[in-house]
Amino acid sequence: RFLPLAPTTRARDAMLASGLEQADTVQRFLVSEAMQAQAAGRVVLIDEAGLLSTQQLEQLTRIATGVRARLLLVGDTKQHYSVQRGDALRNVIRHSGTPVVRLAEVLRQRNDADRRFSRLLATGAVAEAFGFADRRGLIREAADDNALFVRAAEHYVGNRIRGIETLVVIPFWEEIERFNAHVRPALRQAGLLGEAEVTREAVKPLTWTEEQKIHWDQYRPGDRLLFARDTRFFKRGVAAEVIAVLPDGLRVRGPKGREAKITRKQRAAFDVGRAQSLAVSVGDRLLIRGREDDAGFANGDFKDVAQVDSVADRIVFTDGKELPRTFAAWTYGHALTSYRSQGSTSEESLLVLGEVAVRALARRQFYVGNTRYRGAHAIYL
């Protein structure tokens with residue numbers, strides 16, 4: 001009798017797709033006394049445990065001790081770790097004396113050659129894995145970045161036409177935006193994207209740390225604060241515009257014109273970003289980047305657009321839910337970073353490495369980006 005949890009919605013959804021109907025997120029468990037009570041005397045299983053922060057693991061351990069539950073961590077320390085403080089799973093394995101069981105068999109890929117490719121990556125033999133992929137014809141080279149993104153977009157759109165589940169992994173957001181610029185016209189030409197559009201403001205995060213957020217001289221009027229938690233003045237998912245930079249904080253204005261002063265006390269409640277206007281059409285896939293309880297959104301959700309109405313300024317998804325006008329934590333979802341893709345499994349995957357990725361790619365990004373598929377895979381570079 002175990003309770004399955006995961007640090008991200010993508011990993012939770014993968015467990016749900018595998019038949020684990022009670023799967024939920026770690027964050028929801030940590031704030032739900034009812035879920036914690038249900039864990040009494042059971043095994044609390046954490047998938048993708050490498051993404052746990054030290055603080056999250058401390059909270060989970062304390063709760064499990066309190067309800068006499070067993071904590072079972074499942075993860076891979078060679079993949080991404082938490083963006084918050086601490087590489088918790090690695091520290092547990094190295095320093096705590098907790099029993100460790102290692103999985104020796106690759107289970108995700110169907111083909112023996114693909115499983116060998118995954119094993120080479122898992123053991124850190126990156127050069128050998130790259131040569132193996134080259135010999136198997138997985139690598140698709142392009143003359144320059146423009147040709148690279150065009151070819152990758154054509155591959156993705158072709159799979160969409162054929163109904164093949166495809167995950168596109170691009171390690172850096174800068175290059176994801178370049179891919180989106182090619183894939184949306186290709187989708188429209190293939191008849192998969194509607195002509196009518198609704199333009200909304202979304203916030204592009206700058207991924208500042210909490211320490212960076214209180215260096216007020218870094219801000220400029222027009223920057224956006226995207227709230228990840230409810231505060232006295234702003235709901236989670238709402239973006240407020242910086243209208244003045246003060247010696248001890250910021251003066252911001254919300255979407256309904258409400259103004260407030262932000263100080264260092266609120267630094268954990270928001271992310272900093274820049275506003276961008278994105279056009280949305282029927283057939284677009286959006287990635288939700290923050291929670292919105294009223295709309296039923298979770299961070300990491302994919303939403304496919306079923307209807308747009310430019311007159312009424314409405315964007316309706318295939319599940320019947322709408323994108324709230326004040327909700328700014330979203331972007332196109334045609335490609336993901338390797339961090340966001342961790343925990344995902346797809347029939348086919350594409351790893352797209354432009355000039356930025358080739359210069360700055362980390363080993364764990366290459367490992368994760370090459371191991372998300374069951375049946376087919378290609379590397380564009």
# chains A, B, ... in the order shown; residues from 1 in each chain; ligands from 1

call {"tool": "select_by_dssp", "arguments": {"residues": "stretch 65-243 of chain A", "states": "strand (DSSP E)", "output": "mmCIF file with all heavy atoms, in the first residue's frame"}}
result
data_model
loop_
_atom_site.group_PDB
_atom_site.id
_atom_site.type_symbol
_atom_site.label_atom_id
_atom_site.label_comp_id
_atom_site.auth_asym_id
_atom_site.auth_seq_id
_atom_site.Cartn_x
_atom_site.Cartn_y
_atom_site.Cartn_z
ATOM 1 N N ARG A 70 6.776 4.888 5.621
ATOM 2 C CA ARG A 70 8.094 4.617 5.070
ATOM 3 C C ARG A 70 8.290 5.492 3.839
ATOM 4 O O ARG A 70 7.366 5.652 3.033
ATOM 5 C CB ARG A 70 8.204 3.144 4.682
ATOM 6 C CG ARG A 70 9.544 2.759 4.072
ATOM 7 C CD ARG A 70 9.511 1.300 3.616
ATOM 8 N NE ARG A 70 10.761 0.941 2.941
ATOM 9 C CZ ARG A 70 10.890 -0.141 2.179
ATOM 10 N NH1 ARG A 70 9.866 -0.939 1.985
ATOM 11 N NH2 ARG A 70 12.042 -0.404 1.601
ATOM 12 N N LEU A 71 9.457 6.069 3.693
ATOM 13 C CA LEU A 71 9.769 6.949 2.565
ATOM 14 C C LEU A 71 10.670 6.206 1.587
ATOM 15 O O LEU A 71 11.763 5.765 1.959
ATOM 16 C CB LEU A 71 10.456 8.220 3.074
ATOM 17 C CG LEU A 71 10.460 9.454 2.171
ATOM 18 C CD1 LEU A 71 9.046 9.882 1.826
ATOM 19 C CD2 LEU A 71 11.204 10.591 2.846
ATOM 20 N N LEU A 72 10.209 6.042 0.346
ATOM 21 C CA LEU A 72 10.969 5.334 -0.684
ATOM 22 C C LEU A 72 11.289 6.305 -1.809
ATOM 23 O O LEU A 72 10.382 6.812 -2.476
ATOM 24 C CB LEU A 72 10.151 4.150 -1.211
ATOM 25 C CG LEU A 72 10.784 3.295 -2.314
ATOM 26 C CD1 LEU A 72 12.083 2.664 -1.826
ATOM 27 C CD2 LEU A 72 9.817 2.208 -2.770
ATOM 28 N N LEU A 73 12.570 6.598 -2.012
ATOM 29 C CA LEU A 73 13.013 7.565 -3.011
ATOM 30 C C LEU A 73 13.496 6.836 -4.267
ATOM 31 O O LEU A 73 14.355 5.961 -4.179
ATOM 32 C CB LEU A 73 14.148 8.423 -2.457
ATOM 33 C CG LEU A 73 13.892 9.113 -1.118
ATOM 34 C CD1 LEU A 73 15.135 9.886 -0.680
ATOM 35 C CD2 LEU A 73 12.696 10.052 -1.211
ATOM 36 N N ILE A 139 21.758 10.904 -35.688
ATOM 37 C CA ILE A 139 22.196 12.298 -35.753
ATOM 38 C C ILE A 139 21.858 12.890 -37.112
ATOM 39 O O ILE A 139 22.182 12.331 -38.161
ATOM 40 C CB ILE A 139 23.701 12.407 -35.470
ATOM 41 C CG1 ILE A 139 23.988 11.925 -34.039
ATOM 42 C CG2 ILE A 139 24.201 13.828 -35.670
ATOM 43 C CD1 ILE A 139 25.452 11.864 -33.688
ATOM 44 N N ARG A 140 21.166 14.048 -37.084
ATOM 45 C CA ARG A 140 20.793 14.770 -38.296
ATOM 46 C C ARG A 140 21.510 16.123 -38.272
ATOM 47 O O ARG A 140 21.158 17.000 -37.472
ATOM 48 C CB ARG A 140 19.275 14.999 -38.348
ATOM 49 C CG ARG A 140 18.436 13.792 -37.912
ATOM 50 C CD ARG A 140 18.345 12.736 -38.959
ATOM 51 N NE ARG A 140 17.637 11.551 -38.484
ATOM 52 C CZ ARG A 140 16.317 11.391 -38.519
ATOM 53 N NH1 ARG A 140 15.556 12.366 -39.007
ATOM 54 N NH2 ARG A 140 15.764 10.273 -38.077
ATOM 55 N N THR A 166 5.093 12.978 -29.860
ATOM 56 C CA THR A 166 6.481 13.423 -30.022
ATOM 57 C C THR A 166 6.831 14.477 -28.987
ATOM 58 O O THR A 166 6.098 15.458 -28.816
ATOM 59 C CB THR A 166 6.713 13.995 -31.436
ATOM 60 O OG1 THR A 166 6.331 13.023 -32.405
ATOM 61 C CG2 THR A 166 8.174 14.362 -31.640
ATOM 62 N N LEU A 167 7.950 14.278 -28.320
ATOM 63 C CA LEU A 167 8.476 15.248 -27.360
ATOM 64 C C LEU A 167 9.718 15.888 -27.952
ATOM 65 O O LEU A 167 10.665 15.188 -28.329
ATOM 66 C CB LEU A 167 8.820 14.543 -26.048
ATOM 67 C CG LEU A 167 9.466 15.402 -24.958
ATOM 68 C CD1 LEU A 167 8.487 16.445 -24.441
ATOM 69 C CD2 LEU A 167 9.957 14.527 -23.812
ATOM 70 N N VAL A 168 9.713 17.218 -28.050
ATOM 71 C CA VAL A 168 10.875 17.954 -28.553
ATOM 72 C C VAL A 168 11.612 18.554 -27.355
ATOM 73 O O VAL A 168 11.025 19.312 -26.582
ATOM 74 C CB VAL A 168 10.463 19.069 -29.536
ATOM 75 C CG1 VAL A 168 11.701 19.804 -30.060
ATOM 76 C CG2 VAL A 168 9.659 18.489 -30.693
ATOM 77 N N VAL A 169 12.883 18.203 -27.209
ATOM 78 C CA VAL A 169 13.692 18.696 -26.095
ATOM 79 C C VAL A 169 14.754 19.649 -26.644
ATOM 80 O O VAL A 169 15.546 19.269 -27.515
ATOM 81 C CB VAL A 169 14.365 17.536 -25.340
ATOM 82 C CG1 VAL A 169 15.221 18.070 -24.192
ATOM 83 C CG2 VAL A 169 13.321 16.561 -24.815
ATOM 84 N N VAL A 198 -5.650 35.155 -31.096
ATOM 85 C CA VAL A 198 -5.849 36.043 -29.955
ATOM 86 C C VAL A 198 -4.479 36.308 -29.356
ATOM 87 O O VAL A 198 -3.723 35.359 -29.093
ATOM 88 C CB VAL A 198 -6.779 35.425 -28.893
ATOM 89 C CG1 VAL A 198 -6.742 36.235 -27.604
ATOM 90 C CG2 VAL A 198 -8.208 35.358 -29.412
ATOM 91 N N THR A 199 -4.129 37.577 -29.171
ATOM 92 C CA THR A 199 -2.811 37.934 -28.621
ATOM 93 C C THR A 199 -2.949 38.255 -27.142
ATOM 94 O O THR A 199 -3.791 39.060 -26.751
ATOM 95 C CB THR A 199 -2.213 39.122 -29.374
ATOM 96 O OG1 THR A 199 -2.068 38.769 -30.755
ATOM 97 C CG2 THR A 199 -0.855 39.493 -28.815
ATOM 98 N N ARG A 200 -2.137 37.593 -26.342
ATOM 99 C CA ARG A 200 -2.133 37.804 -24.890
ATOM 100 C C ARG A 200 -0.714 38.077 -24.411
ATOM 101 O O ARG A 200 0.259 37.697 -25.057
ATOM 102 C CB ARG A 200 -2.650 36.562 -24.163
ATOM 103 C CG ARG A 200 -4.141 36.280 -24.330
ATOM 104 C CD ARG A 200 -4.969 37.097 -23.347
ATOM 105 N NE ARG A 200 -6.364 36.715 -23.448
ATOM 106 C CZ ARG A 200 -6.919 35.711 -22.774
ATOM 107 N NH1 ARG A 200 -6.189 34.983 -21.946
ATOM 108 N NH2 ARG A 200 -8.193 35.453 -22.911
ATOM 109 N N GLU A 201 -0.634 38.712 -23.254
ATOM 110 C CA GLU A 201 0.670 38.942 -22.627
ATOM 111 C C GLU A 201 1.048 37.739 -21.786
ATOM 112 O O GLU A 201 0.243 37.216 -21.020
ATOM 113 C CB GLU A 201 0.638 40.190 -21.748
ATOM 114 C CG GLU A 201 1.980 40.473 -21.064
ATOM 115 C CD GLU A 201 1.951 41.703 -20.174
ATOM 116 O OE1 GLU A 201 1.856 42.824 -20.716
ATOM 117 O OE2 GLU A 201 2.021 41.528 -18.944
ATOM 118 N N ALA A 202 2.278 37.282 -21.952
ATOM 119 C CA ALA A 202 2.860 36.243 -21.107
ATOM 120 C C ALA A 202 4.176 36.779 -20.561
ATOM 121 O O ALA A 202 4.743 37.726 -21.109
ATOM 122 C CB ALA A 202 3.089 34.957 -21.895
ATOM 123 N N VAL A 203 4.640 36.186 -19.495
ATOM 124 C CA VAL A 203 5.885 36.642 -18.866
ATOM 125 C C VAL A 203 6.975 35.611 -19.096
ATOM 126 O O VAL A 203 6.816 34.427 -18.806
ATOM 127 C CB VAL A 203 5.695 36.892 -17.360
ATOM 128 C CG1 VAL A 203 7.033 37.186 -16.689
ATOM 129 C CG2 VAL A 203 4.734 38.050 -17.137
ATOM 130 N N LYS A 204 8.091 36.088 -19.636
ATOM 131 C CA LYS A 204 9.264 35.246 -19.867
ATOM 132 C C LYS A 204 10.181 35.363 -18.644
ATOM 133 O O LYS A 204 10.773 36.407 -18.401
ATOM 134 C CB LYS A 204 9.991 35.719 -21.122
ATOM 135 C CG LYS A 204 11.264 34.954 -21.424
ATOM 136 C CD LYS A 204 11.933 35.533 -22.664
ATOM 137 C CE LYS A 204 13.252 34.853 -22.957
ATOM 138 N NZ LYS A 204 13.916 35.438 -24.161
ATOM 139 N N PRO A 205 10.307 34.296 -17.835
ATOM 140 C CA PRO A 205 11.098 34.373 -16.596
ATOM 141 C C PRO A 205 12.583 34.640 -16.854
ATOM 142 O O PRO A 205 13.143 34.185 -17.847
ATOM 143 C CB PRO A 205 10.896 32.993 -15.962
ATOM 144 C CG PRO A 205 9.673 32.447 -16.603
ATOM 145 C CD PRO A 205 9.668 32.995 -17.997
ATOM 146 N N ARG A 224 8.288 42.608 -15.177
ATOM 147 C CA ARG A 224 7.106 41.986 -14.598
ATOM 148 C C ARG A 224 7.489 41.101 -13.412
ATOM 149 O O ARG A 224 8.509 40.405 -13.451
ATOM 150 C CB ARG A 224 6.374 41.126 -15.626
ATOM 151 C CG ARG A 224 5.850 41.878 -16.837
ATOM 152 C CD ARG A 224 4.774 42.887 -16.462
ATOM 153 N NE ARG A 224 4.014 43.336 -17.619
ATOM 154 C CZ ARG A 224 4.321 44.383 -18.376
ATOM 155 N NH1 ARG A 224 5.415 45.095 -18.093
ATOM 156 N NH2 ARG A 224 3.553 44.743 -19.387
ATOM 157 N N LEU A 225 6.680 41.147 -12.371
ATOM 158 C CA LEU A 225 6.785 40.211 -11.259
ATOM 159 C C LEU A 225 5.668 39.195 -11.443
ATOM 160 O O LEU A 225 4.493 39.547 -11.458
ATOM 161 C CB LEU A 225 6.637 40.916 -9.908
ATOM 162 C CG LEU A 225 7.580 42.086 -9.605
ATOM 163 C CD1 LEU A 225 7.440 42.501 -8.151
ATOM 164 C CD2 LEU A 225 9.024 41.732 -9.926
ATOM 165 N N LEU A 226 6.039 37.944 -11.615
ATOM 166 C CA LEU A 226 5.066 36.878 -11.825
ATOM 167 C C LEU A 226 4.912 36.131 -10.503
ATOM 168 O O LEU A 226 5.838 35.483 -10.034
ATOM 169 C CB LEU A 226 5.559 35.918 -12.921
ATOM 170 C CG LEU A 226 4.617 34.798 -13.326
ATOM 171 C CD1 LEU A 226 3.307 35.351 -13.870
ATOM 172 C CD2 LEU A 226 5.277 33.906 -14.366
ATOM 173 N N PHE A 227 3.732 36.233 -9.914
ATOM 174 C CA PHE A 227 3.540 35.718 -8.557
ATOM 175 C C PHE A 227 3.299 34.214 -8.570
ATOM 176 O O PHE A 227 2.395 33.713 -9.244
ATOM 177 C CB PHE A 227 2.401 36.470 -7.861
ATOM 178 C CG PHE A 227 2.801 37.849 -7.452
ATOM 179 C CD1 PHE A 227 2.699 38.915 -8.342
ATOM 180 C CD2 PHE A 227 3.351 38.076 -6.201
ATOM 181 C CE1 PHE A 227 3.122 40.186 -7.982
ATOM 182 C CE2 PHE A 227 3.774 39.338 -5.832
ATOM 183 C CZ PHE A 227 3.657 40.404 -6.726
ATOM 184 N N ALA A 239 0.599 38.696 -13.077
ATOM 185 C CA ALA A 239 1.821 39.477 -13.289
ATOM 186 C C ALA A 239 1.567 40.935 -12.943
ATOM 187 O O ALA A 239 0.530 41.501 -13.322
ATOM 188 C CB ALA A 239 2.287 39.361 -14.736
ATOM 189 N N ALA A 240 2.484 41.537 -12.213
ATOM 190 C CA ALA A 240 2.418 42.953 -11.877
ATOM 191 C C ALA A 240 3.582 43.673 -12.547
ATOM 192 O O ALA A 240 4.703 43.154 -12.589
ATOM 193 C CB ALA A 240 2.463 43.159 -10.365
ATOM 194 N N GLU A 241 3.322 44.872 -13.064
ATOM 195 C CA GLU A 241 4.340 45.645 -13.776
ATOM 196 C C GLU A 241 5.104 46.553 -12.827
ATOM 197 O O GLU A 241 4.504 47.231 -11.975
ATOM 198 C CB GLU A 241 3.683 46.491 -14.867
ATOM 199 C CG GLU A 241 4.658 47.330 -15.657
ATOM 200 C CD GLU A 241 3.977 48.195 -16.708
ATOM 201 O OE1 GLU A 241 2.741 48.098 -16.834
ATOM 202 O OE2 GLU A 241 4.683 48.969 -17.378
ATOM 203 N N VAL A 242 6.424 46.557 -12.946
ATOM 204 C CA VAL A 242 7.250 47.474 -12.160
ATOM 205 C C VAL A 242 7.092 48.875 -12.738
ATOM 206 O O VAL A 242 7.374 49.115 -13.912
ATOM 207 C CB VAL A 242 8.737 47.052 -12.192
ATOM 208 C CG1 VAL A 242 9.603 48.081 -11.466
ATOM 209 C CG2 VAL A 242 8.915 45.676 -11.569
ATOM 210 N N ILE A 243 6.602 49.815 -11.904
ATOM 211 C CA ILE A 243 6.422 51.193 -12.376
ATOM 212 C C ILE A 243 7.424 52.155 -11.746
ATOM 213 O O ILE A 243 7.625 53.263 -12.256
ATOM 214 C CB ILE A 243 4.978 51.695 -12.119
ATOM 215 C CG1 ILE A 243 4.621 51.590 -10.634
ATOM 216 C CG2 ILE A 243 3.986 50.897 -12.960
ATOM 217 C CD1 ILE A 243 3.248 52.171 -10.290
#

call {"tool": "closest_residue", "arguments": {"among": "A:Arg220, A:Arg116, A:Ala49, A:Gly273", "to": "A:Phe130", "atoms": "only C-alpha atoms"}}
result
A:Arg116

call {"tool": "select_by_dssp", "arguments": {"residues": "stretch 14-235 of chain A", "states": "alpha helix (DSSP H)", "output": "NGL selection string"}}
result
:A and (14-17 or 26-31 or 33-38 or 54-66 or 88-95 or 112-122 or 126-135 or 145-162 or 173-189 or 210-213)

call {"tool": "closest_residue", "arguments": {"among": "A:Val157, A:Ala312, A:Leu381, A:Ile214", "to": "A:Ala190", "atoms": "only C-alpha atoms"}}
result
A:Val157

call {"tool": "closest_atom_pairs", "arguments": {"of": "stretch 191-296 of chain A", "to": "stretch 319-333 of chain A", "cutoff": "7 Å", "atoms": "only C-alpha atoms", "output": "Markdown table"}}
result
| residue | atom | partner | partner_atom | distance |
| --- | --- | --- | --- | --- |
| A:Glu201 | CA | A:Ala328 | CA | 6.3 |
| A:Ala202 | CA | A:Ala328 | CA | 4.4 |
| A:Val203 | CA | A:Ala328 | CA | 5.7 |
| A:Gly237 | CA | A:Phe327 | CA | 5.3 |
| A:Val238 | CA | A:Phe327 | CA | 5.1 |
| A:Ala239 | CA | A:Ala328 | CA | 6.0 |
| A:Pro255 | CA | A:Thr326 | CA | 6.4 |
| A:Arg285 | CA | A:Gly333 | CA | 5.1 |
| A:Leu286 | CA | A:Gly333 | CA | 4.4 |
| A:Leu287 | CA | A:Gly333 | CA | 4.4 |
| A:Ile288 | CA | A:Trp330 | CA | 4.5 |
| A:Arg289 | CA | A:Ala329 | CA | 4.9 |
| A:Gly290 | CA | A:Ala329 | CA | 5.4 |
| A:Ala295 | CA | A:Lys321 | CA | 6.8 |

call {"tool": "residues_around", "arguments": {"residues": "A:Leu3", "least_positions_apart": "5", "cutoff": "7 Å", "atoms": "only C-alpha atoms", "output": "PyMOL selection string"}}
result
chain A and resi 22-23+39+43-45

call {"tool": "write_last_selection", "arguments": {"atoms": "N, CA, C and O atoms", "output": "PDB file, in the first residue's frame"}}
result
ATOM      1  N   GLN A  22      -3.561   7.205  -7.842  1.00  0.00           N
ATOM      2  CA  GLN A  22      -3.465   8.103  -6.694  1.00  0.00           C
ATOM      3  C   GLN A  22      -2.275   9.060  -6.793  1.00  0.00           C
ATOM      4  O   GLN A  22      -2.041   9.842  -5.871  1.00  0.00           O
ATOM      5  N   ALA A  23      -1.532   8.995  -7.895  1.00  0.00           N
ATOM      6  CA  ALA A  23      -0.327   9.828  -8.013  1.00  0.00           C
ATOM      7  C   ALA A  23      -0.657  11.310  -7.893  1.00  0.00           C
ATOM      8  O   ALA A  23      -1.664  11.787  -8.419  1.00  0.00           O
ATOM      9  N   ALA A  39      -1.431   8.926   4.469  1.00  0.00           N
ATOM     10  CA  ALA A  39      -0.142   8.237   4.330  1.00  0.00           C
ATOM     11  C   ALA A  39       0.222   7.410   5.550  1.00  0.00           C
ATOM     12  O   ALA A  39       1.217   6.683   5.529  1.00  0.00           O
ATOM     13  N   VAL A  43       3.635   3.290   2.486  1.00  0.00           N
ATOM     14  CA  VAL A  43       4.897   3.653   1.844  1.00  0.00           C
ATOM     15  C   VAL A  43       4.643   4.884   0.977  1.00  0.00           C
ATOM     16  O   VAL A  43       3.782   4.860   0.101  1.00  0.00           O
ATOM     17  N   VAL A  44       5.361   5.953   1.231  1.00  0.00           N
ATOM     18  CA  VAL A  44       5.289   7.160   0.400  1.00  0.00           C
ATOM     19  C   VAL A  44       6.410   7.069  -0.625  1.00  0.00           C
ATOM     20  O   VAL A  44       7.587   7.172  -0.285  1.00  0.00           O
ATOM     21  N   LEU A  45       6.048   6.833  -1.880  1.00  0.00           N
ATOM     22  CA  LEU A  45       7.019   6.652  -2.954  1.00  0.00           C
ATOM     23  C   LEU A  45       7.206   7.962  -3.700  1.00  0.00           C
ATOM     24  O   LEU A  45       6.240   8.546  -4.185  1.00  0.00           O
TER      25      LEU A  45
END

call {"tool": "residues_around", "arguments": {"residues": "stretch 142-144 of chain A", "least_positions_apart": "5", "cutoff": "9 Å", "atoms": "only C-alpha atoms", "output": "mmCIF file with N, CA and C atoms, in the first residue's frame"}}
result
data_model
loop_
_atom_site.group_PDB
_atom_site.id
_atom_site.type_symbol
_atom_site.label_atom_id
_atom_site.label_comp_id
_atom_site.auth_asym_id
_atom_site.auth_seq_id
_atom_site.Cartn_x
_atom_site.Cartn_y
_atom_site.Cartn_z
ATOM 1 N N PHE A 149 16.617 24.410 -37.234
ATOM 2 C CA PHE A 149 15.281 24.566 -36.665
ATOM 3 C C PHE A 149 14.190 24.309 -37.701
ATOM 4 N N ARG A 151 14.379 22.060 -40.166
ATOM 5 C CA ARG A 151 14.273 20.605 -40.314
ATOM 6 C C ARG A 151 13.615 19.960 -39.099
ATOM 7 N N GLY A 354 21.113 23.704 -30.973
ATOM 8 C CA GLY A 354 21.626 24.810 -31.764
ATOM 9 C C GLY A 354 22.991 25.264 -31.264
ATOM 10 N N GLU A 355 23.442 26.401 -31.763
ATOM 11 C CA GLU A 355 24.779 26.885 -31.419
ATOM 12 C C GLU A 355 24.927 27.146 -29.924
ATOM 13 N N TYR A 380 19.201 16.538 -33.589
ATOM 14 C CA TYR A 380 19.462 17.571 -34.586
ATOM 15 C C TYR A 380 20.549 18.498 -34.070
ATOM 16 N N LEU A 381 21.626 18.659 -34.880
ATOM 17 C CA LEU A 381 22.698 19.571 -34.481
ATOM 18 C C LEU A 381 23.415 20.131 -35.710
#

call {"tool": "residues_around", "arguments": {"residues": "A:Ile170", "least_positions_apart": "6", "cutoff": "12 Å", "atoms": "only C-alpha atoms", "output": "PyMOL selection string"}}
result
chain A and resi 148-149+152-153+176-180+333-341+349-358+361+365-366+368-370+379-381

call {"tool": "write_last_selection", "arguments": {"atoms": "N, CA and C atoms", "output": "short mmCIF file (atom, residue, chain, number, x, y, z; two decimals), in the first residue's frame"}}
result
data_model
loop_
_atom_site.label_atom_id
_atom_site.label_comp_id
_atom_site.auth_asym_id
_atom_site.auth_seq_id
_atom_site.Cartn_x
_atom_site.Cartn_y
_atom_site.Cartn_z
N LEU A 148 18.71 24.06 -39.17
CA LEU A 148 18.49 23.11 -38.08
C LEU A 148 17.06 23.19 -37.56
N PHE A 149 16.62 24.41 -37.23
CA PHE A 149 15.28 24.57 -36.66
C PHE A 149 14.19 24.31 -37.70
N ALA A 152 13.97 20.44 -37.91
CA ALA A 152 13.37 19.88 -36.70
C ALA A 152 11.87 20.19 -36.66
N ALA A 153 11.51 21.41 -37.07
CA ALA A 153 10.08 21.79 -37.10
C ALA A 153 9.32 20.92 -38.10
N ILE A 176 14.41 27.44 -27.85
CA ILE A 176 13.01 27.03 -27.94
C ILE A 176 12.20 28.09 -28.67
N GLU A 177 12.47 29.36 -28.38
CA GLU A 177 11.76 30.45 -29.06
C GLU A 177 12.04 30.45 -30.56
N ARG A 178 13.26 30.14 -30.94
CA ARG A 178 13.60 30.06 -32.37
C ARG A 178 12.86 28.90 -33.03
N PHE A 179 12.78 27.78 -32.32
CA PHE A 179 12.04 26.64 -32.84
C PHE A 179 10.56 26.98 -33.01
N ASN A 180 9.96 27.63 -32.02
CA ASN A 180 8.56 28.02 -32.11
C ASN A 180 8.29 28.93 -33.30
N GLY A 333 3.99 25.43 -25.92
CA GLY A 333 4.42 24.14 -25.39
C GLY A 333 4.82 23.14 -26.45
N HIS A 334 5.33 23.64 -27.60
CA HIS A 334 5.74 22.73 -28.67
C HIS A 334 7.10 22.09 -28.39
N ALA A 335 7.87 22.66 -27.45
CA ALA A 335 9.16 22.09 -27.06
C ALA A 335 9.40 22.39 -25.58
N LEU A 336 10.23 21.56 -24.94
CA LEU A 336 10.54 21.71 -23.53
C LEU A 336 12.05 21.72 -23.32
N THR A 337 12.48 22.33 -22.22
CA THR A 337 13.87 22.18 -21.80
C THR A 337 14.09 20.77 -21.28
N SER A 338 15.33 20.34 -21.19
CA SER A 338 15.60 19.00 -20.66
C SER A 338 15.16 18.90 -19.20
N TYR A 339 15.27 20.01 -18.45
CA TYR A 339 14.83 19.99 -17.05
C TYR A 339 13.34 19.70 -16.96
N ARG A 340 12.55 20.41 -17.77
CA ARG A 340 11.10 20.20 -17.72
C ARG A 340 10.69 18.85 -18.30
N SER A 341 11.52 18.29 -19.17
CA SER A 341 11.15 17.01 -19.77
C SER A 341 11.45 15.83 -18.85
N SER A 349 11.08 11.09 -29.65
CA SER A 349 11.63 12.34 -29.12
C SER A 349 12.65 12.92 -30.09
N LEU A 350 12.78 14.23 -30.04
CA LEU A 350 13.78 14.95 -30.83
C LEU A 350 14.60 15.79 -29.87
N LEU A 351 15.91 15.68 -29.93
CA LEU A 351 16.81 16.55 -29.17
C LEU A 351 17.41 17.54 -30.17
N VAL A 352 17.14 18.83 -29.97
CA VAL A 352 17.57 19.85 -30.93
C VAL A 352 18.64 20.72 -30.26
N LEU A 353 19.85 20.71 -30.85
CA LEU A 353 21.00 21.39 -30.25
C LEU A 353 21.51 22.45 -31.22
N GLY A 354 21.11 23.70 -30.97
CA GLY A 354 21.63 24.81 -31.76
C GLY A 354 22.99 25.26 -31.26
N GLU A 355 23.44 26.40 -31.76
CA GLU A 355 24.78 26.89 -31.42
C GLU A 355 24.93 27.15 -29.92
N VAL A 356 23.89 27.68 -29.29
CA VAL A 356 23.96 27.97 -27.85
C VAL A 356 24.14 26.67 -27.07
N ALA A 357 23.35 25.65 -27.40
CA ALA A 357 23.43 24.37 -26.70
C ALA A 357 24.77 23.70 -26.93
N VAL A 358 25.27 23.74 -28.15
CA VAL A 358 26.55 23.09 -28.46
C VAL A 358 27.67 23.70 -27.62
N LEU A 361 26.14 23.04 -23.42
CA LEU A 361 25.40 21.86 -22.98
C LEU A 361 26.13 21.13 -21.86
N GLN A 365 22.14 17.37 -19.17
CA GLN A 365 21.14 17.77 -20.18
C GLN A 365 21.17 16.81 -21.37
N PHE A 366 22.37 16.40 -21.78
CA PHE A 366 22.50 15.47 -22.90
C PHE A 366 21.92 14.11 -22.52
N VAL A 368 19.52 13.39 -20.16
CA VAL A 368 18.06 13.45 -20.06
C VAL A 368 17.43 13.60 -21.45
N GLY A 369 17.98 14.50 -22.27
CA GLY A 369 17.41 14.78 -23.58
C GLY A 369 17.42 13.60 -24.53
N ASN A 370 18.30 12.63 -24.28
CA ASN A 370 18.42 11.47 -25.16
C ASN A 370 17.72 10.22 -24.65
N ILE A 379 18.63 13.24 -33.11
CA ILE A 379 19.40 14.35 -32.56
C ILE A 379 19.70 15.32 -33.69
N TYR A 380 19.20 16.54 -33.59
CA TYR A 380 19.46 17.57 -34.59
C TYR A 380 20.55 18.50 -34.07
N LEU A 381 21.63 18.66 -34.88
CA LEU A 381 22.70 19.57 -34.48
C LEU A 381 23.42 20.13 -35.71
#

call {"tool": "closest_residue", "arguments": {"among": "A:Gln56, A:Gln342, A:Asn91, A:Gln307", "to": "A:Ser281", "atoms": "only C-alpha atoms"}}
result
A:Gln307

call {"tool": "atom_distance", "arguments": {"atom1": "atom CA of A:Gln109", "atom2": "atom CA of A:Tyr373"}}
result
6.5 Å

call {"tool": "atom_distance", "arguments": {"atom1": "atom CA of A:Val252", "atom2": "atom CA of A:Gln218"}}
result
15.0 Å

call {"tool": "closest_residue", "arguments": {"among": "A:Gly254, A:Pro171, A:Gly191, A:Gly131", "to": "A:Arg364", "atoms": "only C-alpha atoms"}}
result
A:Pro171
